[in-house]
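Just structure.csv here, CSV, C-alpha atoms:
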chain,number,residue,atom,x,y,z
Z,1,GLU,CA,-134.8,-135.8,127.7
Z,2,ARG,CA,-132.9,-132.9,129.3
Z,3,LEU,CA,-129.1,-132.9,129.3
Z,4,ALA,CA,-127.3,-131.1,132.1
Z,5,VAL,CA,-125.0,-128.3,131.0
Z,6,ASN,CA,-121.9,-129.9,132.5
Z,7,SER,CA,-122.7,-133.2,130.8
Z,8,PHE,CA,-123.1,-131.4,127.4
Z,9,ARG,CA,-119.9,-129.5,128.0
Z,10,ASP,CA,-117.9,-132.7,128.8
Z,11,LEU,CA,-119.3,-134.6,125.8
Z,12,TYR,CA,-118.5,-131.6,123.5
Z,13,LEU,CA,-115.0,-131.3,124.8
Z,14,ASP,CA,-114.4,-135.0,124.5
Z,15,LYS,CA,-115.5,-134.9,120.8
Z,16,LEU,CA,-113.4,-131.8,120.2
Z,17,HIS,CA,-110.4,-133.4,121.7
Z,18,ALA,CA,-110.8,-136.5,119.6
Z,19,ARG,CA,-110.9,-134.4,116.4
Z,20,TYR,CA,-107.9,-132.4,117.5
Z,21,ILE,CA,-105.9,-135.6,118.1
Z,22,SER,CA,-107.0,-136.9,114.7
Z,23,TRP,CA,-105.9,-133.7,113.1
Z,24,GLN,CA,-102.5,-133.8,114.9
Z,25,ASN,CA,-101.9,-137.5,114.0
Z,26,ASP,CA,-103.5,-137.8,110.5
Z,27,GLY,CA,-103.7,-134.3,109.1
Z,28,PHE,CA,-106.7,-132.3,107.9
Z,29,GLY,CA,-107.8,-134.8,105.2
Z,30,GLN,CA,-110.2,-136.9,107.2
Z,31,ILE,CA,-111.7,-133.9,109.0
Z,32,ARG,CA,-112.2,-132.2,105.6
Z,33,GLN,CA,-114.0,-135.2,104.2
Z,34,GLU,CA,-116.4,-135.3,107.2
Z,35,TRP,CA,-116.9,-131.6,107.0
Z,36,LEU,CA,-117.7,-131.7,103.3
Z,37,LYS,CA,-120.5,-134.3,103.9
Z,38,GLN,CA,-122.3,-131.6,106.0
Z,39,ALA,CA,-121.1,-128.4,104.4
Z,40,HIS,CA,-123.8,-125.7,103.7
Z,41,GLY,CA,-123.9,-124.3,100.3
Z,42,LEU,CA,-121.9,-126.7,98.2
Z,43,GLY,CA,-122.6,-126.1,94.5
Z,44,GLN,CA,-124.6,-122.9,95.4
Z,45,GLU,CA,-124.0,-119.3,94.4
Z,46,MET,CA,-122.0,-117.3,96.9
Z,47,THR,CA,-120.5,-113.8,97.3
Z,48,ILE,CA,-117.0,-113.3,98.8
Z,49,ARG,CA,-116.4,-109.8,100.0
Z,50,LEU,CA,-112.8,-108.5,100.4
Z,51,PRO,CA,-111.9,-105.0,101.5
Z,52,GLU,CA,-111.2,-103.8,98.0
Z,53,THR,CA,-113.4,-106.0,95.8
Z,54,THR,CA,-116.3,-108.5,95.7
Z,55,TYR,CA,-116.4,-111.8,93.9
Z,56,ARG,CA,-119.5,-113.9,92.9
Z,57,GLY,CA,-119.2,-117.5,92.2
Z,58,VAL,CA,-120.2,-121.1,93.1
Z,59,PHE,CA,-118.9,-122.7,96.3
Z,60,GLU,CA,-116.9,-125.8,95.4
Z,61,GLY,CA,-115.6,-126.7,98.9
Z,62,VAL,CA,-112.3,-126.4,100.7
Z,63,ASP,CA,-108.9,-127.7,99.9
Z,64,ASP,CA,-106.5,-129.8,102.0
Z,65,ASN,CA,-105.4,-126.6,103.8
Z,66,GLY,CA,-108.9,-125.4,104.6
Z,67,THR,CA,-108.8,-122.8,101.9
Z,68,LEU,CA,-112.2,-121.9,100.3
Z,69,ILE,CA,-112.6,-122.9,96.7
Z,70,ALA,CA,-115.0,-121.1,94.4
Z,71,LEU,CA,-115.7,-121.1,90.7
Z,72,VAL,CA,-115.6,-117.4,89.7
Z,73,ASP,CA,-116.2,-116.4,86.1
Z,74,GLY,CA,-115.3,-119.9,84.9
Z,75,GLU,CA,-112.0,-119.9,86.8
Z,76,ARG,CA,-111.4,-122.0,90.0
Z,77,ARG,CA,-110.1,-119.5,92.7
Z,78,THR,CA,-109.1,-120.0,96.3
Z,79,PHE,CA,-109.7,-117.6,99.2
Z,80,THR,CA,-108.1,-117.6,102.6
Z,81,ALA,CA,-110.1,-114.6,104.0
Z,82,GLY,CA,-113.2,-112.6,103.3
Z,83,GLU,CA,-116.9,-112.3,104.2
Z,84,VAL,CA,-118.8,-115.2,102.7
Z,85,HIS,CA,-122.5,-114.9,101.9
Z,86,PHE,CA,-124.6,-117.6,100.1
Z,87,GLY,CA,-127.1,-116.6,97.5
Z,88,VAL,CA,-127.0,-113.3,95.6
Z,89,SER,CA,-126.2,-110.4,97.8
Conversion result in structure tokens:
Amino acid sequence: ERLAVNSFRDLYLDKLHARYISWQNDGFGQIRQEWLKQAHGLGQEMTIRLPETTYRGVFEGVDDNGTLIALVDGERRTFTAGEVHFGVS
């Protein structure tokens, strides 16, 4: 079945608005839980590239602020920026 562009747009914006209101009223926790259910790469090797260095580790998720969490050399580290690639690169 085909879906008209305007119908798709309206449906998408309605869903986005509902998530935004949820975030404003209840914080990031519920959105984080829903996101983690579908997150790509959980438990997989990843590379995080920063301007001056590169880290390799295992993707553990995101914290309550949306900060990326990775296990790097046996240490749990957080990253707020960087190029993220899954697998060895």
Nearest to Trp35 in chain Z: which of Z:Leu16, Z:Ala4, Z:Val62, Z:Ala70 is it, counting all atoms listed in the file?
Z:Val62
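Atom pair CA of Gly27 in chain Z / CA of Val58 in chain Z: separated by 26.5 Å.
Rounded to one decimal, CA of Leu42 in chain Z and CA of Arg76 in chain Z lie 14.1 Å from each other.
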Test item: which residues lie within 7 Å of (-120.5, -117.4, 100.1) counting all atoms listed in the file, as a VMD selection string:
chain Z and resid 45 to 48 59 84 to 86
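In this comparison, which uses only C-alpha atoms, the residue of Z:Arg49, Z:Gly66, Z:Thr80, Z:Glu1 approaching Leu36 in chain Z most closely is Z:Gly66.
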What does the distance between CA of Gly57 in chain Z and CA of Leu71 in chain Z come to in Å, to one decimal place?
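Value for the CA of Gly57 in chain Z-CA of Leu71 in chain Z distance: 5.2 Å.
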Go ahead and find all residues with at least one atom no further than 9 Å from (-105.5, -128.6, 101.1) in the file's coordinates, using all atoms listed in the file; report them as a PyMOL selection string.
chain Z and resi 28-29+32+62-67
Please determine, counting all atoms listed in the file, which residue among Z:His40, Z:Glu75, Z:Glu52, Z:Asp10 has the shortest atom-to-atom distance to Gly87 in chain Z.
Z:His40
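Distances from Z:Thr53, Z:Leu3, Z:Leu68, Z:Leu13 to Gly41 in chain Z were compared using only C-alpha atoms, and the smallest one belongs to Z:Leu68.
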For Gln44 in chain Z, the nearest of the candidates Z:Thr78, Z:Ser22, Z:His17, Z:Val72, counting all atoms listed in the file
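Counting all atoms listed in the file, the residue closest to Gln44 in chain Z is Z:Val72.
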Incomplete range 65-86 of chain Z brought to N, CA, C and O atoms, written out as a compact mmCIF listing (two decimals), in the coordinates of the input:
# COMPACT_ATOMS: atom_id res chain seq x y z
N ASN Z 65 -105.85 -127.57 102.82
CA ASN Z 65 -105.40 -126.60 103.80
C ASN Z 65 -106.54 -125.85 104.48
O ASN Z 65 -106.31 -124.99 105.32
N GLY Z 66 -107.77 -126.13 104.04
CA GLY Z 66 -108.90 -125.40 104.60
C GLY Z 66 -109.25 -124.15 103.83
O GLY Z 66 -110.10 -123.38 104.25
N THR Z 67 -108.59 -123.94 102.69
CA THR Z 67 -108.80 -122.80 101.90
C THR Z 67 -110.10 -122.92 101.07
O THR Z 67 -110.32 -123.96 100.46
N LEU Z 68 -110.94 -121.88 101.07
CA LEU Z 68 -112.20 -121.90 100.30
C LEU Z 68 -111.93 -121.98 98.84
O LEU Z 68 -111.06 -121.26 98.33
N ILE Z 69 -112.70 -122.81 98.13
CA ILE Z 69 -112.60 -122.90 96.70
C ILE Z 69 -113.91 -122.50 96.06
O ILE Z 69 -114.97 -122.98 96.46
N ALA Z 70 -113.82 -121.59 95.08
CA ALA Z 70 -115.00 -121.10 94.40
C ALA Z 70 -114.74 -121.03 92.90
O ALA Z 70 -113.62 -120.72 92.48
N LEU Z 71 -115.76 -121.29 92.11
CA LEU Z 71 -115.70 -121.10 90.70
C LEU Z 71 -116.17 -119.68 90.39
O LEU Z 71 -117.35 -119.37 90.60
N VAL Z 72 -115.26 -118.82 89.94
CA VAL Z 72 -115.60 -117.40 89.70
C VAL Z 72 -115.29 -117.11 88.22
O VAL Z 72 -114.15 -117.27 87.76
N ASP Z 73 -116.31 -116.70 87.51
CA ASP Z 73 -116.20 -116.40 86.10
C ASP Z 73 -115.48 -117.51 85.31
O ASP Z 73 -114.59 -117.27 84.49
N GLY Z 74 -115.87 -118.74 85.60
CA GLY Z 74 -115.30 -119.90 84.90
C GLY Z 74 -113.93 -120.31 85.35
O GLY Z 74 -113.37 -121.26 84.82
N GLU Z 75 -113.38 -119.62 86.34
CA GLU Z 75 -112.00 -119.90 86.80
C GLU Z 75 -112.11 -120.39 88.29
O GLU Z 75 -112.79 -119.77 89.11
N ARG Z 76 -111.41 -121.46 88.59
CA ARG Z 76 -111.40 -122.00 90.00
C ARG Z 76 -110.40 -121.07 90.76
O ARG Z 76 -109.23 -120.97 90.42
N ARG Z 77 -110.93 -120.45 91.84
CA ARG Z 77 -110.10 -119.50 92.70
C ARG Z 77 -110.17 -120.00 94.11
O ARG Z 77 -111.12 -120.65 94.53
N THR Z 78 -109.14 -119.64 94.85
CA THR Z 78 -109.10 -120.00 96.30
C THR Z 78 -109.06 -118.67 97.08
O THR Z 78 -108.53 -117.65 96.63
N PHE Z 79 -109.63 -118.74 98.29
CA PHE Z 79 -109.70 -117.60 99.20
C PHE Z 79 -109.36 -118.02 100.59
O PHE Z 79 -109.88 -119.01 101.08
N THR Z 80 -108.48 -117.27 101.21
CA THR Z 80 -108.10 -117.60 102.60
C THR Z 80 -108.77 -116.62 103.59
O THR Z 80 -108.67 -116.84 104.79
N ALA Z 81 -109.43 -115.58 103.08
CA ALA Z 81 -110.10 -114.60 104.00
C ALA Z 81 -111.23 -113.97 103.18
O ALA Z 81 -111.24 -114.00 101.95
N GLY Z 82 -112.15 -113.38 103.89
CA GLY Z 82 -113.20 -112.60 103.30
C GLY Z 82 -114.56 -112.93 103.95
O GLY Z 82 -114.69 -113.90 104.69
N GLU Z 83 -115.53 -112.06 103.71
CA GLU Z 83 -116.90 -112.30 104.20
C GLU Z 83 -117.60 -113.14 103.15
O GLU Z 83 -117.61 -112.80 101.97
N VAL Z 84 -118.16 -114.25 103.57
CA VAL Z 84 -118.80 -115.20 102.70
C VAL Z 84 -120.32 -115.15 102.90
O VAL Z 84 -120.77 -115.29 104.04
N HIS Z 85 -121.06 -114.95 101.81
CA HIS Z 85 -122.50 -114.90 101.90
C HIS Z 85 -123.04 -115.88 100.79
O HIS Z 85 -122.56 -115.83 99.66
N PHE Z 86 -124.03 -116.70 101.12
CA PHE Z 86 -124.60 -117.60 100.10
C PHE Z 86 -125.84 -116.96 99.53
O PHE Z 86 -126.55 -116.20 100.18
